[in-house]
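The structure appears below as structure tokens.
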Amino acid sequence: MTARRGKPVLLLVLAGLALLLAGLAGVYWGTAELSWGARLEALLRLPGAERHLMLIIWEWRLPRVLMVALVGAALALSGVLMQALLRNPLADPYLLGLSSGASAVATAAIVWLPAAFVASIGLPLLAFAGAMLAFLVTLGLAFSPARGLDRLVLILAGIAVSLFFQSVSAFFLHIADPHATRAALQWLMGSAAGTVWRDLLPLAVALPLVALVSLRFSPMLDAVLLGDERAAALGVPVSWLRSGFFTAAALLTGLSVAGAGIVGFVGLIVPHMARLLIGATHRRLIPLALLLGAIVLVLVDLLCRIVLAPQELPLGVLLALFAAPPFILILRRVRHGI
Amino acid sequence: MASEPLLTVDDLLLRKEGKALLQGVGFALRPGRFYGLIGPNGAGKSSLLRLLYRAERASGGSIRFAGRDIGTIGRRAYAARVGALVQEPVSLAGLSLGEVIRLGLLPLRLAPADAAARTAAALATIGLADRADDDAARLSGGEQQRLFFGQLLALDPELYLLDEPHNHLDLHFQYRLLDAIRRRGRTVLASFHDITLAARYCDEALLLDHGRLLEQGPLETVLTPQRLAAVYRIDGHFDAGVLRVHGPV
């Protein structure tokens, strides 16, 4: 069996087209019964376009679709980086506790800090700090000088840290003012509803930056797949690479949590899907994982909106449902040492 | 006239958790010679090689390559000149054989055509020429060892550091791959447990025990019956490239 399953350029073009279609579906689905011409006019802001439709699309749908696309892509990249640098196929920002750490700090901010501060850059930064803190605790708990980082111990430590921060979040919600609690609770379950353009800024800046740096260092990330010793012998500064990209992964996770709450499993499943399609070489894997992450979350967000319309399901509920089968598959592969 | 040493190690010390893994180790490697690193389990062979391929820093002493302290040489530049075959279990899922070989060329900035030519040549040498696009995760232990040999042969550094190069290899490939390296006339420092194999290749042997270098010289003068008894705890002698063991151990 060959390692590279598809033609990389073709796959990337197809994924790009699929993202475009998913994005259009996300923007248009459920808008009032209008002709495609009228919808296009509204999207392009042509003179004579329906005013209320333009408002729905530009102030409500587009920011939301862009946010879930950014969050999906960011979590997928975060997962790719963590899986490569830990050489652990189960590494994922959600399973290792980063998302819960970010959300605990963010919940504290939402229920106690002034709303104006939370609405500004404050929340993403706090979520980043929370993600980083949780990651360091997980790594600290899992590391033993004799055995290094055992891959299953790492996941157990992550789950423990995740549970701890979830109960911290729950504690904050319990003792806080009920009005603040409601907003925080809705956000905690994962939702990009109510996203405004300004909210997109942190991820729109950080994601392309981290993606470009990751691509620039992709041969070194590949070398780490061969083992720390081999990477060091090939001249790769393994410790620096790891600290730098762990910070980047925590940044992407923190900003994602600040943008759309806890969205689990994307960081775990999407890198595996991408690897099966295009192989493990990061120069090809990173672009495909970014596109697939965005596609998956745009589609899941769309489903969340239409399944129980006019009510909305939280992102996390549907995602967990879809993620369970591939997650079990990955677990079986890990058990067989693949 | 003896040439300048390619690598000089002086009074090397490595401490971990209060234990000295290497102590007062000093030697010099001359260009074009094949050195065997021998000694029982836990003697410090792998630790010494790890310091030389810079996976770790020494706690004391100095390592000089081509006259310069290795800490002052850039990582990539050093890796281009000093390559290592490492013992480290790993899963290569998702990488093709060709991709793994090409990763060995990371320290060099090669044109794609040059990299492709070196990769193809290395795959032929390790006997996997027709499997460049196969998934490396499906290789057996011996095939994986050959693949990493190929990586190193493609890079072709000035100094080859080999940690137990014969591991997992069948007889044919043990000789074929070590011959391929020797034909290139490079400097080699290789750790061996197989003394007969060491005798075929080594111009000189370095005998390590409990983190100290006991002796450096031709294998037959290093492995005296007294040392075989003291270091390896076997009753035997070394005779015309063959280790002869007397009686049960």
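Chain labels run A, B, ... following the order of the structure tokens; each chain numbers its residues from 1, and ligands are numbered from 1 in the order shown.
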Report task. Show me which bits of chain B are within 6 Å of chain A, counting only C-alpha atoms, as a ChimeraX atom specification. Result -> /B:53,55,75-76,79,94-96,133-135
Query - 9 Å contact set for Leu152 in chain B, only C-alpha atoms, chain neighbours under 4 positions out, as a list in words - result: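 The residues satisfying every condition are Gly83, Ala84, Leu85, Ile101, Gly104, Leu105, Ala122, Leu147, Phe148, Asp156, Pro157 and Tyr160 of chain B.
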Just write the chosen residues, N, CA and C atoms, as a short mmCIF file (atom, residue, chain, number, x, y, z; two decimals), in the first residue's frame.
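Contents of the output file again.cif:
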```
data_model
loop_
_atom_site.label_atom_id
_atom_site.label_comp_id
_atom_site.auth_asym_id
_atom_site.auth_seq_id
_atom_site.Cartn_x
_atom_site.Cartn_y
_atom_site.Cartn_z
N GLY B 83 26.74 12.59 10.56
CA GLY B 83 25.43 11.94 10.48
C GLY B 83 25.38 10.76 11.43
N ALA B 84 24.15 10.37 11.82
CA ALA B 84 24.05 9.31 12.82
C ALA B 84 22.97 8.30 12.44
N LEU B 85 23.25 7.04 12.73
CA LEU B 85 22.24 5.99 12.69
C LEU B 85 21.86 5.71 14.14
N ILE B 101 13.81 8.79 3.25
CA ILE B 101 15.19 8.98 2.79
C ILE B 101 15.45 10.47 2.56
N GLY B 104 16.47 12.62 5.37
CA GLY B 104 17.88 12.54 5.75
C GLY B 104 18.72 13.62 5.10
N LEU B 105 18.17 14.20 4.01
CA LEU B 105 18.92 15.25 3.30
C LEU B 105 18.61 16.63 3.85
N ALA B 122 20.28 5.66 -2.90
CA ALA B 122 20.27 5.09 -1.55
C ALA B 122 19.28 3.93 -1.48
N LEU B 147 16.25 1.23 5.92
CA LEU B 147 15.76 2.54 5.46
C LEU B 147 16.58 3.67 6.12
N PHE B 148 16.82 3.54 7.43
CA PHE B 148 17.58 4.60 8.11
C PHE B 148 19.05 4.57 7.68
N ASP B 156 25.52 11.09 3.22
CA ASP B 156 26.97 10.85 3.11
C ASP B 156 27.80 11.90 3.85
N PRO B 157 27.72 11.90 5.19
CA PRO B 157 28.47 12.88 5.96
C PRO B 157 29.96 12.52 6.04
N TYR B 160 30.49 9.26 10.12
CA TYR B 160 29.32 8.42 10.36
C TYR B 160 29.34 7.95 11.81
#
```
Query raised in the report: Which of these residues is nearest to Ser214 in chain A, using only C-alpha atoms: A:Arg51, A:Arg283, A:Arg64, A:Arg39?
Result: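 The shortest atom-to-atom distance to Ser214 in chain A comes from A:Arg283.
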Requested in this report: Go through range 125-245 of chain B and collect every residue that DSSP, computed from the backbone, puts in alpha helix (DSSP H); the answer should be as a ChimeraX atom specification.
Outcome: /B:125,141-155,171-183,195-201,219-222,225-231
Writer output for current selection, N, CA and C atoms, as a compact mmCIF listing (two decimals), in the first residue's frame:
```txt
# COMPACT_ATOMS: atom_id res chain seq x y z
N THR B 125 20.86 0.91 -2.92
CA THR B 125 21.89 0.33 -2.06
C THR B 125 21.27 -0.51 -0.94
N GLY B 141 11.23 -4.76 11.05
CA GLY B 141 12.31 -4.12 11.82
C GLY B 141 13.59 -4.01 11.00
N GLY B 142 13.94 -5.08 10.30
CA GLY B 142 15.16 -5.08 9.49
C GLY B 142 15.07 -4.10 8.33
N GLU B 143 13.88 -4.07 7.69
CA GLU B 143 13.70 -3.14 6.56
C GLU B 143 13.77 -1.70 7.04
N GLN B 144 13.21 -1.45 8.23
CA GLN B 144 13.26 -0.09 8.77
C GLN B 144 14.71 0.33 9.05
N GLN B 145 15.50 -0.61 9.60
CA GLN B 145 16.90 -0.32 9.85
C GLN B 145 17.62 -0.02 8.53
N ARG B 146 17.30 -0.77 7.49
CA ARG B 146 17.90 -0.52 6.17
C ARG B 146 17.51 0.86 5.67
N LEU B 147 16.25 1.23 5.92
CA LEU B 147 15.76 2.54 5.46
C LEU B 147 16.58 3.67 6.12
N PHE B 148 16.82 3.54 7.43
CA PHE B 148 17.58 4.60 8.11
C PHE B 148 19.05 4.57 7.68
N PHE B 149 19.56 3.39 7.34
CA PHE B 149 20.89 3.30 6.75
C PHE B 149 20.91 4.09 5.44
N GLY B 150 19.84 3.89 4.65
CA GLY B 150 19.74 4.57 3.36
C GLY B 150 19.71 6.08 3.52
N GLN B 151 19.00 6.54 4.56
CA GLN B 151 18.94 7.97 4.86
C GLN B 151 20.35 8.53 5.05
N LEU B 152 21.14 7.78 5.80
CA LEU B 152 22.50 8.22 6.13
C LEU B 152 23.40 8.15 4.89
N LEU B 153 23.22 7.09 4.09
CA LEU B 153 24.04 6.96 2.88
C LEU B 153 23.71 8.08 1.88
N ALA B 154 22.45 8.50 1.84
CA ALA B 154 22.07 9.59 0.94
C ALA B 154 22.73 10.89 1.39
N LEU B 155 22.79 11.10 2.70
CA LEU B 155 23.42 12.32 3.24
C LEU B 155 24.93 12.27 3.04
N LEU B 171 22.34 -11.34 7.75
CA LEU B 171 23.78 -11.35 7.48
C LEU B 171 24.14 -10.58 6.21
N HIS B 172 23.35 -10.82 5.15
CA HIS B 172 23.65 -10.17 3.88
C HIS B 172 23.73 -8.65 4.04
N PHE B 173 22.69 -8.09 4.69
CA PHE B 173 22.65 -6.63 4.77
C PHE B 173 23.64 -6.07 5.81
N GLN B 174 23.95 -6.87 6.84
CA GLN B 174 25.01 -6.41 7.76
C GLN B 174 26.27 -6.09 6.98
N TYR B 175 26.69 -7.03 6.12
CA TYR B 175 27.94 -6.84 5.38
C TYR B 175 27.76 -5.84 4.24
N ARG B 176 26.63 -5.95 3.55
CA ARG B 176 26.41 -5.10 2.38
C ARG B 176 26.42 -3.61 2.77
N LEU B 177 25.73 -3.28 3.87
CA LEU B 177 25.60 -1.87 4.22
C LEU B 177 26.88 -1.32 4.84
N LEU B 178 27.51 -2.12 5.70
CA LEU B 178 28.77 -1.64 6.29
C LEU B 178 29.86 -1.56 5.21
N ASP B 179 29.84 -2.50 4.25
CA ASP B 179 30.78 -2.41 3.12
C ASP B 179 30.54 -1.13 2.33
N ALA B 180 29.25 -0.81 2.12
CA ALA B 180 28.92 0.39 1.34
C ALA B 180 29.51 1.63 2.01
N ILE B 181 29.45 1.66 3.34
CA ILE B 181 30.00 2.82 4.06
C ILE B 181 31.52 2.80 3.97
N ARG B 182 32.11 1.63 4.15
CA ARG B 182 33.57 1.57 4.13
C ARG B 182 34.13 1.95 2.76
N ARG B 183 33.42 1.57 1.70
CA ARG B 183 33.88 1.90 0.35
C ARG B 183 33.99 3.41 0.14
N ILE B 195 31.54 -8.98 18.05
CA ILE B 195 32.97 -8.72 18.00
C ILE B 195 33.56 -9.20 16.67
N THR B 196 33.00 -10.27 16.10
CA THR B 196 33.51 -10.77 14.82
C THR B 196 33.25 -9.74 13.72
N LEU B 197 32.05 -9.15 13.77
CA LEU B 197 31.72 -8.11 12.80
C LEU B 197 32.64 -6.89 13.00
N ALA B 198 32.85 -6.54 14.27
CA ALA B 198 33.73 -5.41 14.58
C ALA B 198 35.13 -5.68 14.02
N ALA B 199 35.59 -6.92 14.15
CA ALA B 199 36.95 -7.26 13.71
C ALA B 199 37.10 -7.08 12.20
N ARG B 200 36.03 -7.34 11.45
CA ARG B 200 36.11 -7.21 10.00
C ARG B 200 36.28 -5.75 9.58
N TYR B 201 35.63 -4.84 10.31
CA TYR B 201 35.58 -3.45 9.83
C TYR B 201 36.54 -2.49 10.54
N LEU B 219 41.88 -4.04 17.69
CA LEU B 219 40.97 -4.86 18.47
C LEU B 219 41.69 -5.96 19.27
N GLU B 220 42.70 -6.59 18.62
CA GLU B 220 43.34 -7.72 19.30
C GLU B 220 44.17 -7.27 20.51
N THR B 221 44.65 -6.01 20.49
CA THR B 221 45.40 -5.55 21.66
C THR B 221 44.46 -5.02 22.74
N VAL B 222 43.26 -4.57 22.32
CA VAL B 222 42.29 -4.05 23.29
C VAL B 222 41.61 -5.21 24.02
N PRO B 225 42.66 -11.49 26.85
CA PRO B 225 41.88 -12.43 27.69
C PRO B 225 41.56 -11.84 29.06
N GLN B 226 42.49 -11.06 29.64
CA GLN B 226 42.23 -10.45 30.95
C GLN B 226 41.04 -9.48 30.86
N ARG B 227 41.00 -8.66 29.79
CA ARG B 227 39.89 -7.70 29.65
C ARG B 227 38.58 -8.42 29.36
N LEU B 228 38.65 -9.46 28.54
CA LEU B 228 37.43 -10.23 28.26
C LEU B 228 36.85 -10.75 29.57
N ALA B 229 37.73 -11.17 30.48
CA ALA B 229 37.27 -11.69 31.77
C ALA B 229 36.75 -10.55 32.65
N ALA B 230 37.49 -9.43 32.69
CA ALA B 230 37.13 -8.35 33.61
C ALA B 230 35.91 -7.57 33.14
N VAL B 231 35.85 -7.27 31.81
CA VAL B 231 34.79 -6.39 31.30
C VAL B 231 33.56 -7.19 30.87
```
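For range 53-210 of chain A, a DSSP pass over the backbone yields strand (DSSP E) at Phe143, Ser144, Gly148 and Leu149 of chain A.
Among the candidates A:His282, A:Arg305, A:Arg332, A:His174, the one nearest to Phe217 in chain A when counting only C-alpha atoms is A:His282.
Residues in contact range of range 78-82 of chain A, defined as at most 7 Å between only C-alpha atoms, with sequence neighbours fewer than 4 positions away removed, read A:Ala74, A:Leu86, A:Ala91, A:Asp92, A:Pro93, A:Phe245, A:Phe246, A:Ala249, A:Leu252, A:Thr253, A:Gly267, A:Leu268, A:Pro271.
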Those residues with C-alpha atoms, as a PDB file, in the first residue's frame please?
```
ATOM      1  CA  ALA A  74      -7.385  26.517  13.713  1.00  0.00           C
ATOM      2  CA  LEU A  86       4.069  14.496  20.664  1.00  0.00           C
ATOM      3  CA  ALA A  91      -3.183  14.298  20.892  1.00  0.00           C
ATOM      4  CA  ASP A  92      -5.844  16.929  20.439  1.00  0.00           C
ATOM      5  CA  PRO A  93      -6.552  20.280  22.100  1.00  0.00           C
ATOM      6  CA  PHE A 245       4.678  25.144  18.272  1.00  0.00           C
ATOM      7  CA  PHE A 246       3.084  24.085  21.575  1.00  0.00           C
ATOM      8  CA  ALA A 249      -1.198  25.313  19.290  1.00  0.00           C
ATOM      9  CA  LEU A 252      -5.009  28.703  18.267  1.00  0.00           C
ATOM     10  CA  THR A 253      -7.003  26.682  20.799  1.00  0.00           C
ATOM     11  CA  GLY A 267      -8.494  18.678  16.282  1.00  0.00           C
ATOM     12  CA  LEU A 268      -8.402  14.906  16.660  1.00  0.00           C
ATOM     13  CA  PRO A 271      -5.794  15.552  10.988  1.00  0.00           C
TER      14      PRO A 271
END
```
Report task. Considering only C-alpha atoms, return as a list in words whatever protein or nucleic-acid residues lie within 7 Å of Ala258 in chain A, sequence-local ones (same chain, fewer than 6 positions apart) excluded. Result -> Leu123, Pro124 and Ala127 of chain A
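Note that the spacing between CA of Leu161 in chain B and CA of Asp194 in chain B amounts to 16.6 Å.
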**Report entry** Selection: 9 Å around Phe327 in chain A, only C-alpha atoms, excl. self and same-chain fewer than 4 positions, as a VMD selection string
**Finding:** chain A and resid 90 265 268 to 269 323 331 to 332
Requested in this report: State, in Å with one decimal place, the distance from CA of Thr181 in chain A to CA of Ala129 in chain A.
Outcome: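 These atoms are spaced 21.5 Å apart.
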Query raised in the report: Got a sec: who's within 9 Å of range 8-20 of chain A, counting only C-alpha atoms, leaving out chain neighbours fewer than 2 positions off, as an MDAnalysis selection string?
Result: chainID A and resid 4:6 22:25 69 277:278 284 287:288 291:292 294:296 298
Query raised in the report: Excluding same-chain residues fewer than 2 positions from range 29-43 of chain B, what lies within 9 Å of it counting only C-alpha atoms, as a ChimeraX atom specification?
Result: /B:2-9,21-22,27,45-47,158-159,163,182,184-195,198-199,201-212,219,231-232
Since we have the selection now, will you write its residues out, keeping C-alpha atoms, as a short mmCIF file (atom, residue, chain, number, x, y, z; two decimals), in the first residue's frame?
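Writing the result to out.cif gives the following:
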```cif
data_model
loop_
_atom_site.label_atom_id
_atom_site.label_comp_id
_atom_site.auth_asym_id
_atom_site.auth_seq_id
_atom_site.Cartn_x
_atom_site.Cartn_y
_atom_site.Cartn_z
CA ALA B 2 49.52 11.20 10.78
CA SER B 3 46.76 13.58 9.60
CA GLU B 4 44.99 16.04 11.89
CA PRO B 5 42.14 14.40 13.86
CA LEU B 6 38.63 14.97 12.49
CA LEU B 7 37.10 14.70 15.96
CA THR B 8 38.76 15.19 19.32
CA VAL B 9 37.09 14.38 22.61
CA LEU B 21 27.29 8.03 32.77
CA LEU B 22 30.56 9.09 31.18
CA PHE B 27 40.11 10.11 22.27
CA LYS B 45 28.34 3.68 24.22
CA SER B 46 24.97 5.14 23.27
CA SER B 47 25.41 8.04 25.71
CA GLU B 158 32.20 13.16 6.72
CA LEU B 159 31.75 11.33 10.02
CA ASP B 163 24.68 2.95 17.09
CA ARG B 182 33.57 1.57 4.13
CA ARG B 184 33.22 5.62 0.70
CA GLY B 185 36.36 6.00 2.77
CA ARG B 186 34.68 8.17 5.41
CA THR B 187 35.45 8.29 9.11
CA VAL B 188 33.20 5.97 11.10
CA LEU B 189 32.55 5.48 14.81
CA ALA B 190 30.26 2.49 15.29
CA SER B 191 29.16 0.67 18.43
CA PHE B 192 29.22 -3.11 18.16
CA HIS B 193 28.14 -6.06 20.25
CA ASP B 194 29.20 -8.51 17.56
CA ILE B 195 32.97 -8.72 18.00
CA ALA B 198 33.73 -5.41 14.58
CA ALA B 199 36.95 -7.26 13.71
CA TYR B 201 35.58 -3.45 9.83
CA CYS B 202 37.46 -1.67 12.60
CA ASP B 203 40.89 -0.19 12.18
CA GLU B 204 40.80 0.55 15.89
CA ALA B 205 38.53 -0.20 18.84
CA LEU B 206 37.57 1.94 21.81
CA LEU B 207 36.65 -0.13 24.86
CA LEU B 208 34.20 1.53 27.26
CA ASP B 209 33.22 0.18 30.67
CA HIS B 210 31.23 1.92 33.42
CA GLY B 211 31.44 5.22 31.55
CA ARG B 212 35.23 5.20 31.24
CA LEU B 219 40.97 -4.86 18.47
CA VAL B 231 34.79 -6.39 31.30
CA TYR B 232 32.65 -9.00 29.54
#
```
